[in-house]
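Data file: run.txt. Format and content: compact mmCIF, C-alpha atoms and all ligand atoms.
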```
# COMPACT_ATOMS: atom_id res chain seq x y z
CA MET Z 763 -7.36 -25.57 23.20
CA ALA Z 764 -5.56 -26.32 19.91
CA ASP Z 765 -4.67 -23.30 17.78
CA ASN Z 766 -7.11 -22.67 14.97
CA PRO Z 767 -5.07 -23.66 11.86
CA THR Z 768 -6.83 -20.97 9.84
CA LYS Z 769 -6.25 -18.19 12.40
CA GLY Z 770 -5.70 -15.01 10.42
CA LEU Z 771 -7.34 -16.85 7.49
CA ALA Z 772 -3.92 -18.30 6.60
CA ASP Z 773 -4.15 -20.37 3.39
CA VAL Z 774 -7.91 -19.77 3.13
CA VAL Z 775 -8.98 -18.95 -0.42
CA ALA Z 776 -11.34 -16.03 0.22
CA ALA Z 777 -11.98 -14.82 -3.34
CA SER Z 778 -11.40 -15.62 -7.00
CA THR Z 779 -9.50 -12.99 -8.92
CA ALA Z 780 -8.03 -12.48 -12.37
CA LEU Z 781 -6.01 -9.47 -11.18
CA SER Z 782 -2.86 -10.80 -9.55
CA ASP Z 783 -1.26 -14.06 -8.54
CA ILE Z 784 1.63 -15.00 -6.24
CA ASP Z 785 3.82 -18.08 -6.25
CA GLY Z 786 5.11 -17.79 -2.69
CA ARG Z 787 7.63 -20.64 -2.96
CA ALA Z 788 9.23 -19.42 -6.17
CA GLY Z 789 8.94 -15.75 -5.17
CA ARG Z 790 6.96 -14.72 -8.23
CA LEU Z 791 4.22 -12.13 -8.70
CA PHE Z 792 1.98 -11.63 -11.74
CA TYR Z 793 -0.50 -8.90 -12.68
CA ARG Z 794 -3.11 -10.37 -15.05
CA GLY Z 795 -0.58 -13.00 -16.13
CA TYR Z 796 2.37 -10.62 -16.64
CA ASP Z 797 5.46 -11.32 -14.54
CA ILE Z 798 6.26 -8.33 -12.28
CA HIS Z 799 9.90 -8.57 -13.46
CA ASP Z 800 8.71 -7.88 -17.02
CA LEU Z 801 6.47 -4.99 -16.01
CA ALA Z 802 8.85 -3.21 -13.60
CA GLY Z 803 10.92 -0.68 -15.54
CA HIS Z 804 9.05 -1.40 -18.78
CA VAL Z 805 5.51 -0.12 -18.26
CA SER Z 806 4.35 3.02 -16.48
CA PHE Z 807 2.07 3.20 -13.46
CA GLU Z 808 -0.69 4.55 -15.72
CA GLU Z 809 -0.35 1.49 -18.01
CA THR Z 810 -0.43 -0.75 -14.92
CA ALA Z 811 -3.57 0.92 -13.56
CA HIS Z 812 -5.22 0.51 -16.97
CA LEU Z 813 -4.18 -3.15 -17.03
CA LEU Z 814 -5.80 -3.73 -13.64
CA GLN Z 815 -8.93 -1.60 -14.05
CA HIS Z 816 -9.64 -2.29 -17.74
CA GLY Z 817 -8.24 -5.79 -18.17
CA ALA Z 818 -5.45 -5.15 -20.71
CA LEU Z 819 -2.28 -3.16 -21.23
CA PRO Z 820 -3.40 -0.10 -23.20
CA THR Z 821 -2.62 0.72 -26.81
CA ARG Z 822 -1.16 4.21 -27.37
CA ARG Z 823 -4.65 5.49 -28.14
CA GLN Z 824 -6.16 3.88 -25.03
CA LEU Z 825 -3.34 5.24 -22.89
CA ALA Z 826 -3.93 8.76 -24.24
CA ASP Z 827 -7.66 8.47 -23.45
CA TYR Z 828 -6.98 7.05 -19.98
CA GLY Z 829 -4.37 9.77 -19.33
CA ALA Z 830 -6.92 12.44 -20.28
CA GLU Z 831 -9.47 10.82 -17.97
CA LEU Z 832 -6.93 10.86 -15.11
CA ALA Z 833 -6.02 14.50 -15.81
CA SER Z 834 -9.64 15.64 -15.75
CA GLY Z 835 -10.43 13.43 -12.75
CA ARG Z 836 -7.76 15.08 -10.58
CA ALA Z 837 -9.92 18.03 -9.61
CA LEU Z 838 -11.08 17.73 -6.01
CA GLY Z 839 -14.64 18.60 -5.07
CA ALA Z 840 -15.35 21.59 -2.82
CA LEU Z 841 -15.80 19.40 0.27
CA ALA Z 842 -12.36 17.78 0.13
CA GLU Z 843 -10.65 20.94 -1.11
CA GLY Z 844 -12.35 23.11 1.51
CA ASN Z 845 -11.58 20.87 4.48
CA VAL Z 846 -8.02 19.78 3.79
CA ALA Z 847 -6.42 22.53 5.91
CA GLU Z 848 -8.46 21.77 9.02
CA ILE Z 849 -8.05 18.02 8.56
CA ALA Z 850 -4.27 18.46 8.17
CA GLU Z 851 -4.19 20.27 11.51
CA LYS Z 852 -6.03 17.50 13.35
CA GLN Z 853 -5.20 14.19 11.67
CA GLY Z 854 -2.13 12.19 10.75
CA PRO Z 855 -1.60 11.46 7.05
CA MET Z 856 -3.43 8.11 6.77
CA GLU Z 857 -6.34 9.28 8.91
CA ALA Z 858 -6.55 12.42 6.79
CA LEU Z 859 -6.65 10.36 3.59
CA ARG Z 860 -9.42 8.21 5.02
CA SER Z 861 -11.44 11.38 5.78
CA LEU Z 862 -10.64 13.11 2.48
CA VAL Z 863 -11.55 10.09 0.32
CA SER Z 864 -14.83 9.91 2.20
CA LEU Z 865 -15.49 13.60 1.46
CA ALA Z 866 -14.53 13.11 -2.20
CA GLY Z 867 -17.03 10.24 -2.38
CA ALA Z 868 -19.84 12.46 -1.13
CA GLU Z 869 -19.49 14.62 -4.24
CA ASP Z 870 -18.61 11.99 -6.82
CA ALA Z 871 -20.88 12.17 -9.86
CA ASP Z 872 -21.28 8.36 -9.86
CA LYS Z 873 -21.66 7.89 -6.12
CA ASP Z 874 -25.01 6.13 -6.36
CA SER Z 875 -24.06 3.55 -8.96
CA ASN Z 876 -22.15 0.27 -8.74
CA GLU Z 877 -22.48 -0.38 -12.49
CA ALA Z 878 -19.23 -1.43 -14.19
CA ALA Z 879 -18.90 1.75 -16.29
CA ALA Z 880 -19.57 3.98 -13.26
CA ASN Z 881 -17.11 1.96 -11.18
CA ARG Z 882 -14.42 2.38 -13.86
CA ARG Z 883 -14.94 6.13 -13.92
CA LYS Z 884 -14.70 6.25 -10.12
CA ALA Z 885 -11.59 4.06 -10.23
CA ALA Z 886 -9.87 6.54 -12.57
CA ARG Z 887 -10.89 9.51 -10.40
CA LEU Z 888 -9.73 7.84 -7.18
CA THR Z 889 -6.41 6.90 -8.81
CA ALA Z 890 -5.95 10.45 -10.07
CA GLN Z 891 -7.01 12.14 -6.83
CA GLN Z 892 -5.04 10.10 -4.29
CA PRO Z 893 -1.62 11.67 -5.07
CA ILE Z 894 -3.25 15.10 -5.15
CA LEU Z 895 -4.81 14.50 -1.72
CA VAL Z 896 -1.41 13.51 -0.29
CA ALA Z 897 0.22 16.60 -1.84
CA ARG Z 898 -2.55 18.95 -0.67
CA TYR Z 899 -2.37 17.49 2.84
CA HIS Z 900 1.41 17.91 2.96
CA ALA Z 901 1.24 21.47 1.66
CA ALA Z 902 -1.54 22.42 4.08
CA ARG Z 903 0.36 21.23 7.15
CA SER Z 904 3.52 22.93 5.89
CA GLY Z 905 1.58 26.18 5.55
CA GLY Z 906 1.83 26.41 1.77
CA ARG Z 907 0.13 25.28 -1.40
CA ALA Z 908 1.39 22.45 -3.60
CA PRO Z 909 2.38 23.40 -7.15
CA GLU Z 910 -0.47 22.63 -9.57
CA PRO Z 911 -0.12 19.24 -11.30
CA ASP Z 912 0.83 19.46 -14.97
CA PRO Z 913 -1.64 17.47 -17.13
CA ALA Z 914 1.19 16.58 -19.53
CA ARG Z 915 3.18 14.81 -16.80
CA SER Z 916 2.84 11.38 -15.27
CA ILE Z 917 1.43 10.72 -11.81
CA ALA Z 918 4.98 9.93 -10.61
CA ALA Z 919 6.44 13.17 -11.99
CA ASN Z 920 3.63 15.34 -10.63
CA PHE Z 921 3.80 13.72 -7.21
CA LEU Z 922 7.54 14.28 -6.78
CA LEU Z 923 7.15 17.85 -8.03
CA GLN Z 924 4.29 18.54 -5.63
CA ILE Z 925 5.87 16.92 -2.59
CA THR Z 926 9.43 18.19 -2.91
CA GLY Z 927 8.56 21.52 -4.60
CA ARG Z 928 11.51 20.94 -6.97
CA GLU Z 929 11.72 19.93 -10.59
CA PRO Z 930 12.35 16.17 -10.23
CA ASP Z 931 15.33 14.46 -11.81
CA PRO Z 932 14.15 12.26 -14.74
CA ARG Z 933 15.79 9.13 -13.26
CA ALA Z 934 14.09 9.83 -9.90
CA VAL Z 935 10.75 9.96 -11.74
CA GLU Z 936 11.50 6.60 -13.45
CA ILE Z 937 12.41 5.02 -10.13
CA PHE Z 938 9.34 6.37 -8.37
CA ASP Z 939 7.13 5.26 -11.25
CA THR Z 940 8.57 1.73 -10.89
CA CYS Z 941 7.78 1.85 -7.15
CA LEU Z 942 4.16 2.64 -8.00
CA VAL Z 943 4.07 -0.28 -10.46
CA LEU Z 944 5.54 -2.66 -7.86
CA HIS Z 945 2.95 -1.76 -5.17
CA ALA Z 946 -0.15 -1.66 -7.40
CA ASP Z 947 -1.73 -5.01 -6.51
CA HIS Z 948 -1.01 -8.05 -4.38
CA THR Z 949 -3.79 -10.66 -4.26
CA MET Z 950 -5.76 -10.92 -1.01
CA ASN Z 951 -3.62 -8.66 1.19
CA ALA Z 952 -5.43 -7.26 4.24
CA SER Z 953 -6.47 -3.90 2.76
CA THR Z 954 -7.70 -5.42 -0.50
CA PHE Z 955 -9.65 -8.02 1.45
CA ALA Z 956 -11.20 -5.24 3.56
CA ALA Z 957 -12.21 -3.41 0.37
CA ARG Z 958 -13.77 -6.57 -1.06
CA VAL Z 959 -15.68 -7.38 2.14
CA CYS Z 960 -17.16 -3.88 2.07
CA ALA Z 961 -17.94 -3.99 -1.67
CA ALA Z 962 -19.54 -7.43 -1.32
CA THR Z 963 -22.36 -5.94 0.79
CA LEU Z 964 -23.10 -3.89 -2.38
CA SER Z 965 -21.78 -0.82 -0.64
CA ASP Z 966 -20.13 1.75 -2.91
CA MET Z 967 -16.54 2.04 -4.15
CA HIS Z 968 -15.57 5.02 -1.97
CA SER Z 969 -16.77 3.20 1.17
CA ALA Z 970 -14.68 0.17 0.17
CA ILE Z 971 -11.61 2.38 -0.37
CA VAL Z 972 -12.07 4.06 3.01
CA ALA Z 973 -12.05 0.58 4.59
CA ALA Z 974 -8.89 -0.26 2.63
CA ILE Z 975 -7.07 2.91 3.68
CA GLY Z 976 -7.86 2.27 7.35
CA THR Z 977 -6.53 -1.26 6.96
CA LEU Z 978 -3.35 -0.26 5.12
CA LYS Z 979 -2.46 2.13 7.93
CA GLY Z 980 -1.47 -0.59 10.44
CA PRO Z 981 2.22 -1.41 11.00
CA LEU Z 982 1.71 -5.09 10.17
CA HIS Z 983 0.66 -4.02 6.66
CA GLY Z 984 1.41 -0.75 4.81
CA GLY Z 985 2.52 1.11 7.92
CA ALA Z 986 5.68 -1.03 8.02
CA ASN Z 987 7.57 1.12 5.48
CA GLU Z 988 7.48 4.13 7.80
CA GLN Z 989 8.55 1.95 10.74
CA VAL Z 990 11.54 0.65 8.74
CA MET Z 991 12.83 4.20 8.32
CA ARG Z 992 12.21 4.97 12.00
CA THR Z 993 14.23 1.87 12.93
CA LEU Z 994 17.13 2.92 10.68
CA GLU Z 995 17.06 6.40 12.21
CA SER Z 996 17.00 5.04 15.76
CA ILE Z 997 20.05 2.76 15.66
CA PRO Z 998 23.71 3.73 15.29
CA ALA Z 999 25.23 3.08 11.85
CA ASP Z 1000 28.02 1.03 13.43
CA GLY Z 1001 25.74 -0.91 15.77
CA VAL Z 1002 23.21 -2.47 13.39
CA ALA Z 1003 23.91 -6.15 14.13
CA ARG Z 1004 23.77 -5.65 17.86
CA ALA Z 1005 20.59 -3.54 17.74
CA VAL Z 1006 18.83 -6.12 15.57
CA ARG Z 1007 19.91 -9.04 17.78
CA ASP Z 1008 18.83 -7.17 20.92
CA ARG Z 1009 15.40 -6.48 19.44
CA LEU Z 1010 14.96 -10.06 18.33
CA ALA Z 1011 16.10 -11.33 21.74
CA ALA Z 1012 13.47 -9.06 23.34
CA GLY Z 1013 10.83 -10.77 21.14
CA GLU Z 1014 10.32 -7.71 18.93
CA LYS Z 1015 9.48 -7.96 15.26
CA ILE Z 1016 11.80 -6.25 12.81
CA MET Z 1017 9.61 -4.20 10.49
CA GLY Z 1018 9.98 -4.87 6.77
CA PHE Z 1019 10.72 -8.59 7.19
CA GLY Z 1020 8.56 -11.66 6.85
CA HIS Z 1021 5.50 -12.34 4.77
CA ARG Z 1022 2.42 -14.50 5.02
CA VAL Z 1023 2.75 -15.82 1.45
CA TYR Z 1024 6.40 -15.50 0.32
CA LYS Z 1025 8.68 -18.23 1.61
CA THR Z 1026 11.62 -16.76 -0.28
CA GLU Z 1027 12.58 -13.30 -1.50
CA ASP Z 1028 9.66 -11.04 -2.37
CA PRO Z 1029 10.28 -10.24 -6.08
CA ARG Z 1030 9.41 -6.58 -5.45
CA ALA Z 1031 12.19 -6.34 -2.87
CA THR Z 1032 14.71 -7.39 -5.55
CA HIS Z 1033 13.89 -4.28 -7.59
CA LEU Z 1034 13.62 -1.99 -4.58
CA ARG Z 1035 17.04 -3.08 -3.23
CA LYS Z 1036 18.68 -2.21 -6.58
CA MET Z 1037 16.94 1.16 -6.75
CA SER Z 1038 17.84 1.95 -3.15
CA ARG Z 1039 21.47 1.24 -3.92
CA GLU Z 1040 21.43 3.39 -7.05
CA LEU Z 1041 19.85 6.34 -5.24
CA ALA Z 1042 22.15 5.93 -2.23
CA GLU Z 1043 25.24 6.04 -4.44
CA ALA Z 1044 23.90 9.04 -6.37
CA SER Z 1045 23.16 10.87 -3.11
CA GLY Z 1046 26.79 10.63 -1.96
CA ASP Z 1047 25.74 9.18 1.42
CA ASP Z 1048 24.87 5.50 1.31
CA THR Z 1049 24.69 5.03 5.11
CA TYR Z 1050 21.04 3.95 5.25
CA TYR Z 1051 21.50 1.59 2.31
CA ARG Z 1052 24.52 -0.06 3.94
CA MET Z 1053 22.66 -0.31 7.24
CA SER Z 1054 19.72 -1.92 5.43
CA LYS Z 1055 21.99 -4.49 3.80
CA GLU Z 1056 23.47 -5.36 7.18
CA MET Z 1057 20.02 -5.62 8.77
CA GLU Z 1058 18.97 -7.93 5.96
CA GLU Z 1059 21.96 -10.21 6.57
CA VAL Z 1060 21.46 -10.34 10.34
CA VAL Z 1061 17.68 -10.95 10.20
CA HIS Z 1062 18.19 -13.70 7.65
CA ALA Z 1063 20.96 -15.33 9.69
CA GLU Z 1064 18.99 -15.12 12.96
CA LYS Z 1065 15.42 -15.82 11.79
CA GLY Z 1066 15.63 -17.04 8.18
CA LEU Z 1067 13.34 -14.16 7.16
CA TYR Z 1068 13.54 -12.18 3.91
CA PRO Z 1069 12.78 -8.49 3.35
CA ASN Z 1070 9.28 -7.72 2.13
CA VAL Z 1071 8.17 -4.88 -0.16
CA ASP Z 1072 8.28 -2.34 2.67
CA PHE Z 1073 11.92 -2.82 3.63
CA TYR Z 1074 13.82 -1.24 0.73
CA ALA Z 1075 10.86 0.96 -0.24
CA ALA Z 1076 11.69 2.95 2.91
CA THR Z 1077 15.17 3.98 1.82
CA VAL Z 1078 14.07 4.51 -1.80
CA TYR Z 1079 11.43 7.01 -0.65
CA HIS Z 1080 13.89 8.58 1.77
CA TYR Z 1081 16.47 9.16 -0.97
CA LEU Z 1082 13.71 10.55 -3.22
CA GLY Z 1083 13.08 13.26 -0.63
CA ILE Z 1084 9.67 12.02 0.53
CA PRO Z 1085 8.94 12.77 4.22
CA THR Z 1086 8.91 9.59 6.32
CA ASP Z 1087 5.31 9.94 7.50
CA LEU Z 1088 4.17 10.02 3.86
CA PHE Z 1089 5.63 6.57 3.04
CA THR Z 1090 2.38 4.74 3.79
CA PRO Z 1091 0.28 7.36 1.95
CA VAL Z 1092 2.58 6.75 -1.05
CA PHE Z 1093 1.72 3.05 -0.80
CA SER Z 1094 -1.96 4.04 -0.99
CA VAL Z 1095 -1.33 6.15 -4.11
CA SER Z 1096 -0.16 3.00 -5.86
CA ARG Z 1097 -2.47 0.42 -4.29
CA MET Z 1098 -5.48 2.54 -5.28
CA ALA Z 1099 -5.10 0.98 -8.75
CA GLY Z 1100 -5.48 -2.51 -7.30
CA TRP Z 1101 -8.14 -1.74 -4.68
CA THR Z 1102 -10.43 -0.12 -7.24
CA ALA Z 1103 -9.89 -2.98 -9.70
CA HIS Z 1104 -10.85 -5.46 -6.96
CA VAL Z 1105 -14.05 -3.53 -6.23
CA ILE Z 1106 -14.93 -3.59 -9.93
CA GLU Z 1107 -14.24 -7.35 -9.98
CA GLN Z 1108 -16.24 -7.97 -6.78
CA HIS Z 1109 -19.29 -6.05 -8.02
CA ALA Z 1110 -19.14 -7.84 -11.40
CA ASP Z 1111 -19.73 -11.27 -9.81
CA ASN Z 1112 -20.85 -10.59 -6.29
CA ARG Z 1113 -21.63 -12.78 -3.34
CA LEU Z 1114 -21.73 -11.51 0.24
CA ILE Z 1115 -18.47 -12.36 2.06
CA ARG Z 1116 -19.47 -13.85 5.36
CA PRO Z 1117 -17.08 -16.39 6.89
CA ASP Z 1118 -17.84 -18.53 9.90
CA SER Z 1119 -16.23 -18.32 13.35
CA GLU Z 1120 -15.22 -20.92 15.89
CA TYR Z 1121 -16.99 -20.28 19.20
CA ILE Z 1122 -14.57 -20.51 22.17
CA GLY Z 1123 -16.68 -18.87 24.90
CA GLU Z 1124 -18.75 -20.21 27.80
CA ARG Z 1125 -21.82 -22.39 27.19
CA ASP Z 1126 -25.07 -23.04 29.09
CA GLN Z 1127 -24.86 -19.84 31.14
CA LYS Z 1128 -27.83 -19.15 33.43
CA TRP Z 1129 -29.40 -15.69 33.19
CA ALA Z 1130 -29.82 -13.72 36.47
CA PRO Z 1131 -31.64 -10.42 37.08
CA ILE Z 1132 -29.27 -7.42 37.40
CA ASP Z 1133 -29.52 -7.14 41.23
CA GLU Z 1134 -28.55 -10.79 41.68
CA ARG Z 1135 -25.34 -10.74 39.55
N1 LIG Z 1201 10.65 -10.01 12.81
C1 LIG Z 1201 10.87 -10.99 13.70
N2 LIG Z 1201 10.17 -12.13 13.74
C2 LIG Z 1201 9.22 -12.28 12.82
C3 LIG Z 1201 8.94 -11.30 11.85
C4 LIG Z 1201 9.68 -10.13 11.87
N3 LIG Z 1201 9.50 -9.16 11.00
N4 LIG Z 1201 7.94 -11.74 11.05
C5 LIG Z 1201 7.59 -12.94 11.51
N5 LIG Z 1201 8.36 -13.27 12.57
C6 LIG Z 1201 8.27 -14.50 13.36
C7 LIG Z 1201 7.13 -14.37 14.38
O1 LIG Z 1201 7.55 -13.81 15.58
C8 LIG Z 1201 6.68 -15.80 14.49
O2 LIG Z 1201 7.60 -16.48 15.31
P1 LIG Z 1201 7.09 -17.62 16.33
O3 LIG Z 1201 6.46 -18.67 15.45
O4 LIG Z 1201 8.34 -18.02 17.01
O5 LIG Z 1201 6.08 -16.95 17.21
C9 LIG Z 1201 6.85 -16.35 13.09
O6 LIG Z 1201 7.89 -15.56 12.48
C10 LIG Z 1201 5.58 -16.24 12.25
O7 LIG Z 1201 5.15 -14.88 12.27
P2 LIG Z 1201 3.66 -14.41 12.20
O8 LIG Z 1201 3.57 -12.99 12.63
O9 LIG Z 1201 2.76 -15.40 12.88
O10 LIG Z 1201 3.42 -14.54 10.63
P3 LIG Z 1201 2.19 -13.94 9.84
O11 LIG Z 1201 2.15 -14.68 8.57
O12 LIG Z 1201 0.99 -13.89 10.69
O13 LIG Z 1201 2.64 -12.40 9.63
C11 LIG Z 1201 3.71 -10.50 8.87
C12 LIG Z 1201 3.22 -11.90 8.49
C13 LIG Z 1201 2.57 -9.72 9.54
C14 LIG Z 1201 4.09 -9.76 7.60
C15 LIG Z 1201 4.90 -10.62 9.82
O14 LIG Z 1201 5.99 -11.23 9.14
C16 LIG Z 1201 5.32 -9.29 10.41
O15 LIG Z 1201 4.73 -8.83 11.40
N6 LIG Z 1201 6.33 -8.58 9.77
C17 LIG Z 1201 6.72 -7.29 10.23
C18 LIG Z 1201 5.73 -6.22 9.73
C19 LIG Z 1201 5.85 -5.99 8.24
O16 LIG Z 1201 6.95 -5.85 7.70
N7 LIG Z 1201 4.67 -5.90 7.58
C20 LIG Z 1201 4.62 -5.64 6.14
C21 LIG Z 1201 4.21 -6.88 5.41
S1 LIG Z 1201 4.18 -6.65 3.67
C22 LIG Z 1201 2.83 -5.68 3.45
O17 LIG Z 1201 1.85 -5.76 4.13
C23 LIG Z 1201 2.87 -4.71 2.40
```
Conversion result in structure tokens:
Amino acid sequence: MADNPTKGLADVVAASTALSDIDGRAGRLFYRGYDIHDLAGHVSFEETAHLLQHGALPTRRQLADYGAELASGRALGALAEGNVAEIAEKQGPMEALRSLVSLAGAEDADKDSNEAAANRRKAARLTAQQPILVARYHAARSGGRAPEPDPARSIAANFLLQITGREPDPRAVEIFDTCLVLHADHTMNASTFAARVCAATLSDMHSAIVAAIGTLKGPLHGGANEQVMRTLESIPADGVARAVRDRLAAGEKIMGFGHRVYKTEDPRATHLRKMSRELAEASGDDTYYRMSKEMEEVVHAEKGLYPNVDFYAATVYHYLGIPTDLFTPVFSVSRMAGWTAHVIEQHADNRLIRPDSEYIGERDQKWAPIDER
């Protein structure tokens, strides 16, 4: 039987969106018409989240109001707060986030409304709470309590403070903030699509976000950044080319390479490579950066593949002092801005998402009673 040309929904236009756009041949990405190269390093994650959720880059006044909404929305309800320790004992980070967001949804003041204003309030709360959930989870499993977030600081600054327990270097905060901007939205990626499918049944925003978190977890999507770091840790620094060739020869995929849409360099990888290099040099040990560069050269020479967003994000997070198993949760901290904006957009002009399937099973089967089968 011939392969279904739309297997994996490749090239199928599954939704209309005004949130982000990719030119896969030119390697360009836009959020609401703004080139990612213009946004990265120039606007904060909070401005980016406002752009996605509210439709425009904020004025100073709007940013102050949105910042206040984020600060007040950080507080976790009793259910999430009260269960984080037990969940941290029993679940890995992405599973824990899936559970904790579900618990947060049970107590959300707007849980029964899909109206645009209610959805925007929930979007702000989810965006504010996700980094807190990651920090609380990490503290609980480490047997401590994360420092309280400071309402005067950005999401990036508070997150680094809470995760590392140290006052973060201002340049580290800028770099991490840029990482959050770069990961905030990306058209119909698998987790966003999952969120939209859920929202399109007129289910609620928290349910859609739970679906998205479960989808981001997989190593073919957001889970790749953690796998990149595990690969770097598992191969000798002076044996990169050989290890990569051996893995390719064994038919293995090299995590952090390839993309369904980009046929050239992912524009986010351009920024992440530079930041990885800067942090590596500042750390005094650039081994993982040099290994990454070599991996990039070998994979490109052997397979013609380019690094995707996850490849250099791994070493950036590593140099920032973020534990490896929190790399994918960090992705969710950023992508929450995009997921929630997509739910708002889906609910604003909804139609049930229900594709067709190609039947490839038996036909004309004859039924037999159970004792005759
Ligand atoms: N390493 C080695 N070979 C690869 C890789 C890779 N990373 N990616 C693709 N290929 C090869 C495949 O083996 C396949 O070869 P074949 O035609 O000889 O069988 C061909 O390229 C096409 O690959 P598919 O997996 O069919 O491409 P698809 O568009 O379905 O998948 C994906 C895209 C999932 C990103 C893929 O490139 C991959 O698995 N990459 C590794 C995981 C990864 O980094 N995921 C993160 C993606 S970005 C994100 O989600 C945030």
What does the list of residues within 7 Å of ligand LIG 1201 (chain Z) look like if you count all atoms listed in the file, written as a PDB file with C-alpha atoms, in the coordinates of the input?
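After the write, out_34.pdb holds the following:
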```pdb
ATOM      1  CA  GLY Z 770      -5.700 -15.010  10.420  1.00  0.00           C
ATOM      2  CA  ASN Z 951      -3.620  -8.660   1.190  1.00  0.00           C
ATOM      3  CA  PRO Z 981       2.220  -1.410  11.000  1.00  0.00           C
ATOM      4  CA  LEU Z 982       1.710  -5.090  10.170  1.00  0.00           C
ATOM      5  CA  HIS Z 983       0.660  -4.020   6.660  1.00  0.00           C
ATOM      6  CA  GLY Z 984       1.410  -0.750   4.810  1.00  0.00           C
ATOM      7  CA  ALA Z 986       5.680  -1.030   8.020  1.00  0.00           C
ATOM      8  CA  LEU Z1010      14.960 -10.060  18.330  1.00  0.00           C
ATOM      9  CA  GLU Z1014      10.320  -7.710  18.930  1.00  0.00           C
ATOM     10  CA  LYS Z1015       9.480  -7.960  15.260  1.00  0.00           C
ATOM     11  CA  ILE Z1016      11.800  -6.250  12.810  1.00  0.00           C
ATOM     12  CA  MET Z1017       9.610  -4.200  10.490  1.00  0.00           C
ATOM     13  CA  GLY Z1018       9.980  -4.870   6.770  1.00  0.00           C
ATOM     14  CA  PHE Z1019      10.720  -8.590   7.190  1.00  0.00           C
ATOM     15  CA  GLY Z1020       8.560 -11.660   6.850  1.00  0.00           C
ATOM     16  CA  HIS Z1021       5.500 -12.340   4.770  1.00  0.00           C
ATOM     17  CA  ARG Z1022       2.420 -14.500   5.020  1.00  0.00           C
ATOM     18  CA  LYS Z1065      15.420 -15.820  11.790  1.00  0.00           C
ATOM     19  CA  ASN Z1070       9.280  -7.720   2.130  1.00  0.00           C
ATOM     20  CA  VAL Z1071       8.170  -4.880  -0.160  1.00  0.00           C
ATOM     21  CA  ASP Z1072       8.280  -2.340   2.670  1.00  0.00           C
TER      22      ASP Z1072
END
```
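Among the candidates Z:Asp1111, Z:Asp1087, Z:Asp1048, Z:Asp1028, the one nearest to Leu1067 in chain Z when counting all atoms listed in the file is Z:Asp1028.
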**Message:** Could you list, as a ChimeraX atom specification, every residue within 8 Å of range 961-977 of chain Z, counting only C-alpha atoms and ignoring same-chain residues fewer than 2 positions away?
**Reply:** /Z:856-857,859-861,863-864,867,873-876,881,884,952-959,979-980,983,1094,1098,1101-1102,1105,1108-1109,1112-1115
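If you look at CA of Gly1013 in chain Z and CA of Glu1064 in chain Z, they are 12.3 Å away from each other.
Shell of range 894-902 of chain Z at 8 Å, with only C-alpha atoms counted and residues fewer than 6 places along the chain excluded, is Arg836, Val846, Ala847, Ala850, Pro855, Ala858, Leu859, Leu862, Ala908, Phe921, Gln924, Ile925, Leu1088, Pro1091 and Val1092 of chain Z.
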**Request:** Just give me the gap between CA of Ser916 in chain Z and CA of Thr1086 in chain Z in Å, one decimal is fine.
**Result:** 22.5 Å
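The gap separating CA of Leu942 in chain Z from CA of Glu1043 in chain Z is 21.6 Å, in Å to one decimal.
The smallest atom-to-atom distance between Lys1036 in chain Z and any of Z:Gln824, Z:Thr940, Z:Ser996, Z:Gln1127, using only C-alpha atoms, is found for Z:Thr940.
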**Message:** Counting all atoms listed in the file, which residue out of Z:Glu848, Z:Glu1040, Z:Glu936, Z:Glu831 sits closest to Leu888 in chain Z?
**Reply:** Z:Glu831
**Asked** Of the residues Z:Asp1008, Z:Glu1124, Z:Asp1000, Z:Asp800, which is the one nearest to Glu1056 in chain Z, using all atoms listed in the file?
**Response** Z:Asp1000
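Closest approach to Val1095 in chain Z among Z:Ala777, Z:Met1037, Z:Ala918, Z:Leu825: Z:Ala918, based on only C-alpha atoms.
Comparing Z:Pro767, Z:Ile849, Z:Val990, Z:Val1078 by their smallest distance to Glu1120 in chain Z, the closest is Z:Pro767 (using all atoms listed in the file).
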Contact residues around Tyr1079 in chain Z with only C-alpha atoms at 9 Å, ignoring same-chain residues under 4 positions, as an mmCIF file with C-alpha atoms, in the frame of the given file:
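Listing of around14.cif after writing:
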```cif
data_model
loop_
_atom_site.group_PDB
_atom_site.id
_atom_site.type_symbol
_atom_site.label_atom_id
_atom_site.label_comp_id
_atom_site.auth_asym_id
_atom_site.auth_seq_id
_atom_site.Cartn_x
_atom_site.Cartn_y
_atom_site.Cartn_z
ATOM 1 C CA PHE Z 938 9.340 6.370 -8.370
ATOM 2 C CA SER Z 1038 17.840 1.950 -3.150
ATOM 3 C CA TYR Z 1074 13.820 -1.240 0.730
ATOM 4 C CA ALA Z 1075 10.860 0.960 -0.240
ATOM 5 C CA GLY Z 1083 13.080 13.260 -0.630
ATOM 6 C CA ILE Z 1084 9.670 12.020 0.530
ATOM 7 C CA PRO Z 1085 8.940 12.770 4.220
ATOM 8 C CA THR Z 1086 8.910 9.590 6.320
ATOM 9 C CA PHE Z 1089 5.630 6.570 3.040
ATOM 10 C CA VAL Z 1092 2.580 6.750 -1.050
#
```
**Spatial neighbours of His945 in chain Z, max dist 8 Å, only C-alpha atoms, sep filter under 2 positions, as a count of residues only** = 9
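Once Glu929 in chain Z and its same-chain neighbours fewer than 2 positions away are set aside, Z:Pro909, Z:Pro911, Z:Asp912, Z:Arg915, Z:Ala919, Z:Asn920, Z:Phe921, Z:Leu922, Z:Leu923, Z:Gln924, Z:Ile925, Z:Thr926, Z:Gly927, Z:Asp931, Z:Pro932, Z:Arg933, Z:Ala934, Z:Val935 remain within 12 Å of it when counting all atoms listed in the file.
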